[in-house]
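Visitor: Just one file: run.txt, with compact mmCIF, C-alpha atoms.
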```txt
# COMPACT_ATOMS: atom_id res chain seq x y z
CA MET B 5 -26.90 5.20 -44.78
CA ASN B 6 -25.56 1.66 -45.04
CA GLN B 7 -22.55 0.41 -46.98
CA GLN B 8 -24.56 -0.39 -50.10
CA GLU B 9 -25.85 3.17 -50.37
CA LYS B 10 -22.35 4.59 -50.07
CA HIS B 11 -21.07 2.81 -53.18
CA ALA B 12 -21.75 4.02 -56.69
CA THR B 13 -20.54 0.75 -58.22
CA PRO B 14 -22.49 -2.49 -57.80
CA LEU B 15 -21.77 -4.64 -54.77
CA PRO B 16 -22.02 -8.43 -54.62
CA PRO B 17 -25.50 -9.93 -54.38
CA GLY B 18 -26.77 -11.05 -51.04
CA PRO B 19 -29.79 -11.77 -48.86
CA PRO B 20 -32.05 -9.00 -47.58
CA ASP B 21 -31.66 -10.02 -43.96
CA GLN B 22 -28.84 -8.55 -41.89
CA PHE B 23 -26.95 -10.36 -39.14
CA ASP B 24 -23.53 -10.66 -37.54
CA VAL B 25 -21.96 -13.85 -38.87
CA GLY B 26 -20.62 -16.02 -36.07
CA ASP B 27 -22.78 -14.43 -33.40
CA THR B 28 -25.91 -16.47 -34.08
CA ASP B 29 -26.59 -20.19 -33.67
CA ASP B 30 -27.72 -20.47 -37.27
CA SER B 31 -24.77 -18.63 -38.86
CA LEU B 32 -23.36 -21.69 -40.61
CA ALA B 33 -26.77 -22.89 -41.81
CA LYS B 34 -27.40 -19.45 -43.31
CA LEU B 35 -24.01 -19.39 -45.04
CA VAL B 36 -24.70 -22.80 -46.58
CA ALA B 37 -28.09 -21.63 -47.86
CA TYR B 38 -26.69 -18.37 -49.25
CA PHE B 39 -23.80 -20.17 -50.93
CA LYS B 40 -26.31 -22.36 -52.75
CA SER B 41 -28.24 -19.27 -53.84
CA TYR B 42 -25.44 -16.82 -54.67
CA GLY B 43 -22.29 -18.87 -55.30
CA ASP B 44 -18.66 -17.87 -54.81
CA ILE B 45 -19.29 -14.37 -53.50
CA PHE B 46 -22.15 -12.85 -51.58
CA ARG B 47 -22.56 -9.95 -49.22
CA ILE B 48 -24.19 -9.73 -45.80
CA TYR B 49 -24.58 -6.43 -44.00
CA SER B 50 -23.47 -6.58 -40.37
CA PRO B 51 -25.66 -4.31 -38.20
CA GLY B 52 -23.45 -4.81 -35.15
CA ARG B 53 -20.26 -3.72 -36.91
CA LYS B 54 -22.00 -1.48 -39.47
CA VAL B 55 -19.91 -2.87 -42.34
CA ASP B 56 -20.37 -5.15 -45.32
CA THR B 57 -19.27 -8.74 -44.95
CA TYR B 58 -18.14 -10.56 -48.10
CA VAL B 59 -18.18 -14.37 -48.04
CA ILE B 60 -15.82 -15.68 -50.74
CA SER B 61 -15.47 -19.29 -51.91
CA HIS B 62 -13.31 -19.19 -55.02
CA PRO B 63 -9.79 -20.65 -54.58
CA ASP B 64 -8.16 -17.82 -56.52
CA TRP B 65 -9.70 -15.23 -54.21
CA VAL B 66 -8.86 -17.32 -51.14
CA LYS B 67 -5.23 -17.43 -52.26
CA HIS B 68 -5.34 -13.67 -52.92
CA VAL B 69 -6.50 -12.88 -49.37
CA LEU B 70 -4.44 -15.43 -47.46
CA VAL B 71 -1.23 -15.38 -49.51
CA THR B 72 -0.77 -13.00 -52.45
CA ASN B 73 -2.22 -9.86 -50.88
CA HIS B 74 -2.19 -10.89 -47.22
CA ARG B 75 -0.57 -7.63 -46.10
CA ASN B 76 -3.79 -5.82 -47.05
CA TYR B 77 -5.68 -7.77 -44.37
CA THR B 78 -5.81 -7.91 -40.62
CA LYS B 79 -7.60 -10.47 -38.49
CA GLY B 80 -11.33 -9.86 -38.60
CA VAL B 81 -14.64 -10.79 -36.99
CA GLY B 82 -14.50 -12.29 -33.51
CA ILE B 83 -10.84 -11.57 -32.87
CA ASN B 84 -11.56 -9.36 -29.85
CA ARG B 85 -13.44 -12.20 -28.13
CA VAL B 86 -10.49 -14.52 -28.66
CA LYS B 87 -8.14 -11.81 -27.37
CA VAL B 88 -10.07 -11.61 -24.10
CA LEU B 89 -9.38 -15.31 -23.63
CA LEU B 90 -5.86 -15.75 -24.98
CA GLY B 91 -4.22 -12.35 -24.70
CA ASN B 92 -1.97 -11.28 -27.55
CA GLY B 93 -0.67 -14.69 -28.65
CA ILE B 94 0.14 -15.49 -32.28
CA MET B 95 -3.45 -16.49 -32.97
CA VAL B 96 -4.56 -12.87 -32.63
CA SER B 97 -1.48 -10.61 -32.76
CA GLU B 98 -0.66 -8.53 -35.83
CA GLY B 99 2.14 -6.77 -37.69
CA ASP B 100 5.77 -6.73 -36.62
CA PHE B 101 4.99 -8.15 -33.19
CA TRP B 102 3.22 -11.16 -34.73
CA ARG B 103 6.12 -11.75 -37.14
CA ARG B 104 8.60 -11.60 -34.25
CA GLN B 105 6.63 -14.08 -32.16
CA ARG B 106 5.97 -16.39 -35.08
CA LEU B 107 9.67 -16.61 -35.94
CA MET B 108 10.48 -17.54 -32.34
CA ILE B 109 7.69 -20.12 -32.03
CA GLN B 110 7.93 -21.82 -35.43
CA PRO B 111 11.03 -23.93 -34.63
CA LEU B 112 9.15 -25.58 -31.74
CA PHE B 113 6.83 -27.35 -34.18
CA ARG B 114 9.20 -28.54 -36.86
CA LYS B 115 8.82 -32.28 -37.40
CA ARG B 116 12.19 -33.05 -35.87
CA ALA B 117 11.31 -31.06 -32.75
CA ILE B 118 7.90 -32.61 -32.18
CA GLY B 119 9.30 -36.12 -32.64
CA ARG B 120 10.37 -36.07 -28.99
CA PHE B 121 6.69 -36.11 -28.01
CA TYR B 122 5.59 -39.13 -30.08
CA GLU B 123 6.24 -41.73 -27.37
CA MET B 124 4.32 -39.62 -24.88
CA MET B 125 1.40 -39.44 -27.35
CA ILE B 126 1.43 -43.24 -27.63
CA GLU B 127 1.47 -43.68 -23.85
CA CYS B 128 -1.42 -41.26 -23.28
CA ASN B 129 -3.55 -42.88 -25.97
CA GLN B 130 -2.71 -46.41 -24.86
CA ALA B 131 -3.87 -45.47 -21.35
CA LEU B 132 -7.13 -44.21 -22.85
CA ALA B 133 -7.50 -47.37 -24.96
CA ASP B 134 -6.92 -49.50 -21.85
CA ARG B 135 -9.76 -47.69 -20.05
CA TRP B 136 -12.02 -48.23 -23.04
CA VAL B 137 -11.04 -51.93 -23.07
CA GLU B 138 -12.24 -52.16 -19.46
CA ASN B 139 -15.53 -50.59 -20.52
CA ALA B 140 -15.81 -53.09 -23.36
CA ILE B 141 -15.31 -55.99 -20.95
CA SER B 142 -17.90 -54.64 -18.50
CA GLY B 143 -20.32 -53.59 -21.26
CA LYS B 144 -20.25 -49.92 -20.27
CA PRO B 145 -20.42 -47.18 -22.93
CA VAL B 146 -17.82 -44.43 -23.29
CA ASP B 147 -18.31 -40.70 -23.75
CA VAL B 148 -15.95 -40.23 -26.69
CA THR B 149 -16.44 -36.45 -26.81
CA GLU B 150 -15.31 -36.03 -23.22
CA ASP B 151 -12.54 -38.62 -23.36
CA VAL B 152 -10.84 -37.37 -26.54
CA SER B 153 -11.06 -33.84 -25.18
CA GLU B 154 -9.25 -34.90 -22.02
CA VAL B 155 -6.57 -36.97 -23.74
CA THR B 156 -5.71 -34.25 -26.27
CA LEU B 157 -5.54 -31.74 -23.42
CA GLU B 158 -3.24 -34.04 -21.47
CA ILE B 159 -0.97 -34.42 -24.48
CA ILE B 160 -0.53 -30.70 -25.12
CA LEU B 161 -0.07 -30.01 -21.39
CA ARG B 162 2.63 -32.70 -21.11
CA ALA B 163 4.29 -31.33 -24.23
CA ILE B 164 4.35 -27.87 -22.63
CA PHE B 165 5.14 -28.63 -18.98
CA SER B 166 6.51 -32.24 -18.94
CA GLU B 167 7.30 -33.29 -15.32
CA ASP B 168 6.00 -30.03 -13.87
CA LEU B 169 2.44 -31.02 -14.78
CA ASN B 170 2.44 -33.91 -12.30
CA ALA B 171 3.99 -31.73 -9.60
CA LEU B 172 1.38 -29.03 -10.18
CA ALA B 173 -1.50 -31.53 -10.10
CA SER B 174 -0.16 -32.99 -6.86
CA THR B 175 0.10 -29.54 -5.25
CA MET B 176 -3.33 -28.43 -6.48
CA GLY B 177 -5.12 -31.69 -5.73
CA GLY B 178 -5.80 -32.25 -9.43
CA ASN B 179 -5.05 -30.84 -12.86
CA PRO B 180 -6.13 -27.17 -12.74
CA PHE B 181 -6.17 -26.98 -16.55
CA LEU B 182 -8.98 -29.54 -16.84
CA VAL B 183 -11.43 -26.64 -17.00
CA VAL B 184 -10.42 -26.36 -20.68
CA ALA B 185 -11.85 -29.82 -21.39
CA LYS B 186 -14.69 -29.83 -18.85
CA GLU B 187 -16.21 -26.44 -19.66
CA PRO B 188 -17.44 -26.33 -23.29
CA ALA B 189 -18.65 -22.71 -23.25
CA ARG B 190 -16.19 -20.04 -24.34
CA ASP B 191 -17.88 -17.14 -22.57
CA LEU B 192 -16.73 -14.46 -20.13
CA ARG B 193 -17.10 -16.82 -17.18
CA PHE B 194 -14.79 -19.35 -18.80
CA ALA B 195 -12.37 -16.56 -19.77
CA ALA B 196 -12.12 -15.48 -16.13
CA GLN B 197 -11.43 -19.05 -14.99
CA PHE B 198 -8.90 -19.60 -17.75
CA ARG B 199 -7.05 -16.32 -17.14
CA SER B 200 -6.62 -17.29 -13.48
CA LEU B 201 -4.26 -20.04 -14.69
CA LYS B 202 -1.72 -17.46 -15.83
CA LYS B 203 -0.43 -17.15 -12.27
CA LEU B 204 0.33 -20.87 -12.16
CA ILE B 205 2.24 -20.71 -15.44
CA LEU B 206 4.29 -17.76 -14.21
CA GLU B 207 5.16 -19.66 -11.03
CA ILE B 208 6.50 -22.57 -13.08
CA VAL B 209 8.51 -20.17 -15.27
CA GLU B 210 10.02 -18.42 -12.25
CA GLN B 211 10.84 -21.72 -10.55
CA ARG B 212 12.69 -22.92 -13.65
CA ARG B 213 14.61 -19.66 -13.87
CA ASN B 214 15.56 -19.63 -10.19
CA LYS B 215 16.77 -23.23 -10.27
CA GLY B 216 18.33 -23.03 -13.72
CA MET B 217 16.11 -25.91 -14.84
CA GLN B 218 15.98 -27.02 -18.45
CA ARG B 219 13.29 -29.43 -19.63
CA LEU B 220 12.79 -31.07 -23.02
CA ASP B 221 9.40 -29.43 -23.44
CA LEU B 222 7.72 -26.55 -25.22
CA LEU B 223 7.86 -24.21 -22.24
CA SER B 224 11.65 -24.46 -21.98
CA MET B 225 11.92 -23.96 -25.73
CA LEU B 226 9.76 -20.83 -25.50
CA MET B 227 11.84 -19.54 -22.59
CA SER B 228 15.02 -20.11 -24.61
CA ALA B 229 13.69 -18.56 -27.83
CA ARG B 230 15.34 -15.32 -28.91
CA ASP B 231 14.45 -12.55 -31.31
CA LYS B 232 16.91 -13.00 -34.19
CA ARG B 233 17.20 -9.24 -34.65
CA THR B 234 17.71 -8.12 -31.04
CA GLY B 235 18.67 -11.32 -29.26
CA GLU B 236 15.99 -10.60 -26.65
CA PRO B 237 13.73 -13.28 -25.14
CA MET B 238 9.98 -12.94 -24.77
CA ARG B 239 8.77 -10.88 -21.85
CA ASP B 240 6.77 -12.75 -19.24
CA LYS B 241 3.40 -11.52 -20.51
CA GLU B 242 4.28 -12.47 -24.07
CA LEU B 243 5.52 -15.88 -22.96
CA ILE B 244 2.38 -16.61 -20.93
CA ASP B 245 0.06 -15.44 -23.73
CA GLU B 246 1.75 -17.88 -26.10
CA VAL B 247 1.46 -20.73 -23.58
CA MET B 248 -2.24 -19.98 -23.12
CA THR B 249 -2.68 -19.99 -26.89
CA LEU B 250 -0.90 -23.35 -27.23
CA ILE B 251 -3.10 -24.90 -24.54
CA VAL B 252 -6.36 -23.93 -26.24
CA ALA B 253 -5.34 -24.17 -29.91
CA GLY B 254 -3.30 -27.33 -29.30
CA HIS B 255 -6.25 -29.09 -27.73
CA GLU B 256 -9.50 -28.03 -29.35
CA THR B 257 -8.77 -28.72 -33.02
CA SER B 258 -7.57 -32.27 -32.36
CA ALA B 259 -10.37 -33.03 -29.89
CA SER B 260 -13.07 -31.84 -32.28
CA GLY B 261 -11.55 -33.67 -35.23
CA LEU B 262 -11.26 -36.99 -33.37
CA ASN B 263 -14.81 -36.71 -32.04
CA TRP B 264 -16.12 -36.38 -35.61
CA LEU B 265 -13.74 -39.09 -36.83
CA TRP B 266 -15.18 -41.79 -34.57
CA TYR B 267 -18.70 -40.85 -35.55
CA LEU B 268 -17.92 -41.02 -39.28
CA VAL B 269 -16.02 -44.31 -38.98
CA SER B 270 -18.88 -45.83 -36.97
CA GLN B 271 -21.28 -44.94 -39.78
CA HIS B 272 -19.08 -46.64 -42.40
CA PRO B 273 -18.31 -50.19 -41.23
CA GLU B 274 -16.46 -50.97 -44.46
CA ILE B 275 -13.97 -48.18 -43.66
CA GLN B 276 -13.62 -49.45 -40.10
CA THR B 277 -12.80 -52.93 -41.44
CA GLU B 278 -10.17 -51.50 -43.79
CA LEU B 279 -8.63 -49.48 -40.96
CA GLN B 280 -8.42 -52.57 -38.77
CA ALA B 281 -6.72 -54.52 -41.55
CA GLU B 282 -4.15 -51.75 -42.08
CA VAL B 283 -3.33 -51.49 -38.38
CA ASP B 284 -3.18 -55.28 -37.99
CA ARG B 285 -0.37 -55.41 -40.53
CA LEU B 286 1.88 -53.54 -38.10
CA SER B 287 4.49 -55.56 -36.27
CA SER B 288 4.73 -55.41 -32.47
CA PRO B 289 5.63 -53.39 -30.56
CA MET B 290 4.05 -50.33 -32.14
CA THR B 291 6.42 -47.48 -32.91
CA ALA B 292 5.71 -43.88 -33.73
CA GLU B 293 7.28 -44.39 -37.15
CA SER B 294 4.97 -47.31 -37.97
CA LEU B 295 1.85 -45.55 -36.66
CA LEU B 296 2.57 -42.38 -38.62
CA GLY B 297 3.15 -44.42 -41.79
CA LEU B 298 -0.45 -45.68 -41.98
CA ASP B 299 -1.86 -44.21 -45.18
CA LEU B 300 -5.55 -45.02 -44.71
CA VAL B 301 -5.57 -43.69 -41.15
CA ARG B 302 -4.16 -40.41 -42.50
CA HIS B 303 -6.71 -40.29 -45.35
CA VAL B 304 -9.55 -40.83 -42.86
CA ILE B 305 -8.25 -37.92 -40.79
CA ASP B 306 -7.97 -35.72 -43.87
CA GLU B 307 -11.49 -36.58 -44.95
CA THR B 308 -12.86 -35.97 -41.45
CA LEU B 309 -11.26 -32.52 -41.39
CA ARG B 310 -12.71 -31.87 -44.83
CA LEU B 311 -16.29 -32.61 -43.79
CA TYR B 312 -16.05 -31.07 -40.33
CA PRO B 313 -13.20 -28.55 -40.20
CA PRO B 314 -12.87 -27.38 -36.56
CA GLY B 315 -11.92 -23.91 -37.78
CA TRP B 316 -15.02 -23.44 -39.91
CA LEU B 317 -14.58 -19.67 -40.39
CA ILE B 318 -11.50 -17.65 -41.33
CA THR B 319 -11.95 -13.91 -40.83
CA ARG B 320 -10.04 -11.01 -42.33
CA ARG B 321 -10.66 -7.25 -42.58
CA ALA B 322 -9.52 -5.17 -45.55
CA ILE B 323 -7.04 -2.37 -44.85
CA GLY B 324 -7.16 -0.89 -48.36
CA ASP B 325 -9.37 -1.25 -51.41
CA ASP B 326 -9.59 -4.61 -53.14
CA VAL B 327 -11.69 -6.34 -55.80
CA PHE B 328 -13.28 -9.81 -56.00
CA GLY B 329 -14.89 -10.98 -59.21
CA GLY B 330 -15.32 -7.39 -60.35
CA PHE B 331 -16.92 -6.29 -57.07
CA PRO B 332 -15.11 -3.65 -55.00
CA ALA B 333 -14.26 -4.24 -51.36
CA ALA B 334 -13.78 -0.99 -49.48
CA PRO B 335 -11.37 -0.56 -46.55
CA GLY B 336 -12.98 -1.99 -43.42
CA THR B 337 -14.91 -4.66 -45.30
CA ASP B 338 -14.99 -7.98 -43.47
CA ILE B 339 -13.90 -10.89 -45.65
CA LEU B 340 -15.04 -14.33 -44.55
CA ILE B 341 -13.64 -17.60 -45.90
CA SER B 342 -15.46 -20.68 -44.69
CA PRO B 343 -13.48 -23.92 -44.97
CA TYR B 344 -16.80 -25.70 -44.45
CA LEU B 345 -18.11 -24.21 -47.70
CA LEU B 346 -14.84 -24.69 -49.57
CA HIS B 347 -14.52 -28.30 -48.45
CA ARG B 348 -17.96 -29.11 -49.84
CA HIS B 349 -17.77 -26.98 -52.98
CA PRO B 350 -19.38 -29.08 -55.75
CA ARG B 351 -17.12 -27.58 -58.43
CA TYR B 352 -13.97 -28.93 -56.79
CA TRP B 353 -15.08 -32.05 -54.94
CA ASP B 354 -16.71 -35.16 -56.36
CA LYS B 355 -19.76 -36.13 -54.26
CA PRO B 356 -18.74 -33.58 -51.61
CA GLU B 357 -21.28 -34.63 -48.97
CA GLN B 358 -20.02 -38.22 -48.88
CA PHE B 359 -17.34 -39.60 -46.56
CA ARG B 360 -14.76 -40.90 -49.04
CA PRO B 361 -11.23 -41.07 -47.57
CA GLN B 362 -9.88 -42.53 -50.82
CA ARG B 363 -10.17 -39.11 -52.46
CA PHE B 364 -6.93 -38.21 -50.61
CA ALA B 365 -5.08 -41.30 -51.86
CA ALA B 366 -4.37 -39.87 -55.32
CA PRO B 367 -0.74 -38.72 -55.82
CA ASP B 368 -1.91 -35.26 -56.92
CA ALA B 369 -4.48 -34.82 -54.13
CA LYS B 370 -2.48 -32.24 -52.18
CA GLU B 371 -1.99 -30.01 -55.23
CA ARG B 372 -5.49 -30.64 -56.62
CA TYR B 373 -7.17 -29.42 -53.46
CA ARG B 374 -4.90 -26.45 -52.84
CA PHE B 375 -6.92 -23.48 -51.55
CA VAL B 376 -10.13 -25.49 -51.39
CA TYR B 377 -8.84 -27.58 -48.48
CA LEU B 378 -7.91 -25.41 -45.51
CA PRO B 379 -8.22 -27.31 -42.20
CA PHE B 380 -5.15 -25.44 -40.92
CA VAL B 381 -5.62 -22.22 -42.94
CA ALA B 382 -2.89 -21.30 -45.50
CA GLY B 383 -0.27 -18.66 -46.15
CA PRO B 384 1.88 -16.89 -43.58
CA ARG B 385 -0.75 -17.42 -40.88
CA HIS B 386 -1.26 -21.15 -41.38
CA CYS B 387 -1.48 -23.09 -38.12
CA VAL B 388 1.99 -23.46 -36.66
CA GLY B 389 0.95 -26.65 -34.86
CA GLU B 390 -0.34 -28.52 -37.92
CA SER B 391 2.29 -31.30 -37.81
CA PHE B 392 1.79 -31.78 -34.06
CA ALA B 393 -2.00 -32.04 -34.42
CA LEU B 394 -1.88 -34.48 -37.34
CA ALA B 395 0.63 -36.73 -35.58
CA GLU B 396 -1.45 -36.67 -32.41
CA MET B 397 -4.63 -37.58 -34.29
CA GLN B 398 -2.96 -40.34 -36.31
CA ILE B 399 -1.39 -41.94 -33.25
CA HIS B 400 -4.68 -41.79 -31.35
CA ALA B 401 -6.70 -43.36 -34.16
CA ALA B 402 -4.18 -46.16 -34.78
CA VAL B 403 -3.80 -47.08 -31.09
CA VAL B 404 -7.56 -47.26 -30.56
CA ILE B 405 -8.22 -49.21 -33.76
CA ARG B 406 -5.57 -51.76 -32.80
CA ASN B 407 -7.49 -52.47 -29.58
CA LEU B 408 -11.16 -51.79 -30.22
CA ALA B 409 -14.10 -51.15 -32.50
CA LEU B 410 -16.50 -48.34 -31.55
CA ARG B 411 -20.24 -48.45 -32.19
CA TYR B 412 -22.22 -45.22 -31.97
CA ILE B 413 -25.19 -45.63 -29.60
CA GLY B 414 -26.48 -42.06 -29.37
CA LYS B 415 -30.26 -41.80 -29.50
CA GLN B 416 -30.45 -38.27 -30.91
CA PRO B 417 -29.36 -37.00 -34.34
CA VAL B 418 -25.83 -35.65 -34.42
CA GLU B 419 -26.01 -31.88 -34.76
CA MET B 420 -23.29 -29.32 -35.41
CA GLU B 421 -22.51 -26.40 -33.14
CA ALA B 422 -20.66 -23.70 -35.06
CA ARG B 423 -19.23 -21.17 -32.65
CA VAL B 424 -15.49 -20.72 -32.10
CA ASN B 425 -14.98 -24.27 -33.40
CA LEU B 426 -17.22 -26.67 -35.29
CA ARG B 427 -18.23 -29.19 -32.66
CA THR B 428 -21.03 -31.65 -32.04
CA ALA B 429 -23.89 -29.98 -30.19
CA HIS B 430 -24.02 -32.91 -27.75
CA ASN B 431 -21.52 -35.41 -26.43
CA LEU B 432 -21.29 -38.61 -28.47
CA MET B 433 -21.69 -41.97 -26.71
CA PHE B 434 -20.16 -45.16 -28.10
CA GLN B 435 -20.08 -48.80 -27.10
CA PRO B 436 -16.53 -50.16 -27.33
CA LYS B 437 -16.08 -53.76 -28.44
CA LEU B 438 -12.96 -55.86 -28.08
CA ARG B 439 -11.40 -56.95 -31.34
```
Translate the structure of the given file into structure tokens.

Guide:
Amino acid sequence: MNQQEKHATPLPPGPPDQFDVGDTDDSLAKLVAYFKSYGDIFRIYSPGRKVDTYVISHPDWVKHVLVTNHRNYTKGVGINRVKVLLGNGIMVSEGDFWRRQRLMIQPLFRKRAIGRFYEMMIECNQALADRWVENAISGKPVDVTEDVSEVTLEIILRAIFSEDLNALASTMGGNPFLVVAKEPARDLRFAAQFRSLKKLILEIVEQRRNKGMQRLDLLSMLMSARDKRTGEPMRDKELIDEVMTLIVAGHETSASGLNWLWYLVSQHPEIQTELQAEVDRLSSPMTAESLLGLDLVRHVIDETLRLYPPGWLITRRAIGDDVFGGFPAAPGTDILISPYLLHRHPRYWDKPEQFRPQRFAAPDAKERYRFVYLPFVAGPRHCVGESFALAEMQIHAAVVIRNLALRYIGKQPVEMEARVNLRTAHNLMFQPKLR
């Protein structure tokens, strides 16, 4: 007997086929098709988990799940796979332990705290721009997908480890964390490679403790963090799980977003011209304050994350009974919220399939798109690194635009790969041109 047969009251409409959302290559394509057919709520039966899955796309219900009634929900589909990779960091932990960890980590990413990393972000991106300038001079193309992945990884690693990253790379004969950028698959093989890095992190932690070393980086801030109730620090396993989470979460969202950004800008030369004009108005030398004050650059980033949100699926599981649009959701029901669907919802977005950064220029844009624009989730579990990621992306885009124009030269259609993150199925090649 399946879930539908167990209920006496009607359940949401849905397709006859059954599949485990997120486990198939065509999951996103199916969700898009079902949304067009069924609207703001539809049901898919999951044969693997033997439960109903509700996909909801109404902002009131999204707010209900993520904010108003969030205590009735735990993390849902796919969380065990992430746990294998990242341990019990704040991306996957629950309950009192999650609240404890969140309170200790949150101060690390306040705007004042992350300001110390802005100059480093500029230096890393200027080094990348300089390499692309050399390619422009020699006429060689650049693999933007690979390069933005590596630069965003370098930035989060330097923010975490500061000087110890160079020492580690020198000892190891290279950066051992590069596997995060070089290996796109997030399978068991990658998990084994990634978990082997925990020993290196612990060695750095122990070295700092033994020598009484304090650095102006995220690792030292995590080591110094204390539970406000007990005054206790994180245990080593907890500390390392959070570092592993920061490495992956702090790299992949920005890398994916910037990859899509350069593709979209290359397809809209009028936007590229406007971006160049905005950046050219900056005085020299560039400062973090001036780069982060560029409105159009920020609107382009917002619009990129709208069309291609890296976190394309938010998963929750009901603890107790709930109701959506008059349809009951029993305990154990998986609730899926897809930012991809919300961000293209025709009821809330004008010409939703078009790349139109100016939609974010309106003074009321932030409030108007509340709960239909979720690139960093919302509510108590919104992404703690949002300000860091946005600053990193804005600095990258501005530095590159000041130096170069990028022309997409890929010969195959750009396809989406919707697995853990929404990425391009293939690396994107561009020809850089000096400005």

Visitor: Can I get the residues of stretch 342-436 of chain B within 8 Å of stretch 70-93 of chain B, each with the closest pair of atoms and their distance in Å to one decimal, using only C-alpha atoms, sorted chain first then ascending number, as JSON lines?

Guide:
```
{"residue": "B:Ala382", "atom": "CA", "partner": "B:Leu70", "partner_atom": "CA", "distance": 6.4}
{"residue": "B:Gly383", "atom": "CA", "partner": "B:Val71", "partner_atom": "CA", "distance": 4.8}
{"residue": "B:Pro384", "atom": "CA", "partner": "B:Val71", "partner_atom": "CA", "distance": 6.9}
{"residue": "B:Arg385", "atom": "CA", "partner": "B:Leu70", "partner_atom": "CA", "distance": 7.8}
```

Visitor: Select, from B:Leu345, B:Ala402, B:Met225, B:Ala259, the residue with the minimum atom-to-atom distance to B:Arg285, counting all atoms listed in the file.

Guide: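 Counting all atoms listed in the file, the residue closest to B:Arg285 is B:Ala402.
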
Visitor: Given all atoms listed in the file as the basis, pick out the residue of B:Val25, B:Val152, B:Ala229, B:Ala185 nearest to B:Leu265.

Guide: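 Checking each candidate against B:Leu265, we get B:Val152 as the closest.
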
Visitor: Choose the residue, out of B:Pro180, B:Pro51, B:Gly254, B:Pro436, that has the smallest atom-to-atom separation from B:Val137; count all atoms listed in the file.

Guide: B:Pro436

Visitor: So the first atom is atom CA of B:Met217 and the second is atom CA of B:Leu172; what is the distance between them in Å, to one decimal place?

Guide: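 For atom CA of B:Met217 relative to atom CA of B:Leu172, the distance reads 15.8 Å.
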
Visitor: Go through B:Val376, B:Ala196, B:Ile275, B:Val388 one by one, measure the shortest atom-to-atom distance of each to B:Arg351 using all atoms listed in the file, and give the residue with the smallest value.

Guide: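 For B:Arg351, the nearest of the given residues is B:Val376.
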
Visitor: Could you list, as a VMD selection string, every residue within 8 Å of B:Lys115, counting only C-alpha atoms and ignoring same-chain residues fewer than 2 positions away?

Guide: chain B and resid 113 117 to 119 391 to 392

Visitor: Could you tell me which of B:Ala422, B:Val66, B:Ala173, B:Ala253 comes closest to B:Val96 if we count only C-alpha atoms?

Guide: B:Ala253

Visitor: For a test of reading the model, state the distance in Å between atom CA of B:Pro417 and atom CA of B:Tyr267, rounded to one decimal.

Guide: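 Pair atom CA of B:Pro417 / atom CA of B:Tyr267 returns 11.4 Å.
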
Visitor: Which is closer to B:Pro63 than all the others in B:Gly143, B:Pro356, B:Pro343, B:Pro314, using only C-alpha atoms?

Guide: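 Among B:Gly143, B:Pro356, B:Pro343, B:Pro314, it is B:Pro343 that comes nearest to B:Pro63.
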
Visitor: Can you tell me, as a count of residues only, which residues sit within 8 Å of (-17.4, -17.5, -43.7) in the file's frame, using only C-alpha atoms?

Guide: 15

Visitor: By how many Å are atom CA of B:Arg120 and atom CA of B:Lys232 apart?

Guide: 24.5 Å

Visitor: Determine, counting only C-alpha atoms, which protein, DNA and RNA residues have an atom within 10 Å of an atom of B:Ala409; residues of the same chain fewer than 6 positions away are not included. Present the result as a list in words.

Guide: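 Here the qualifying residues turn out to be Val137, Ala140, Trp266, Val269, Ser270, Pro273, Gln276, Thr277, Gln280, Phe434, Gln435, Pro436, Lys437, Leu438 and Arg439 of chain B.
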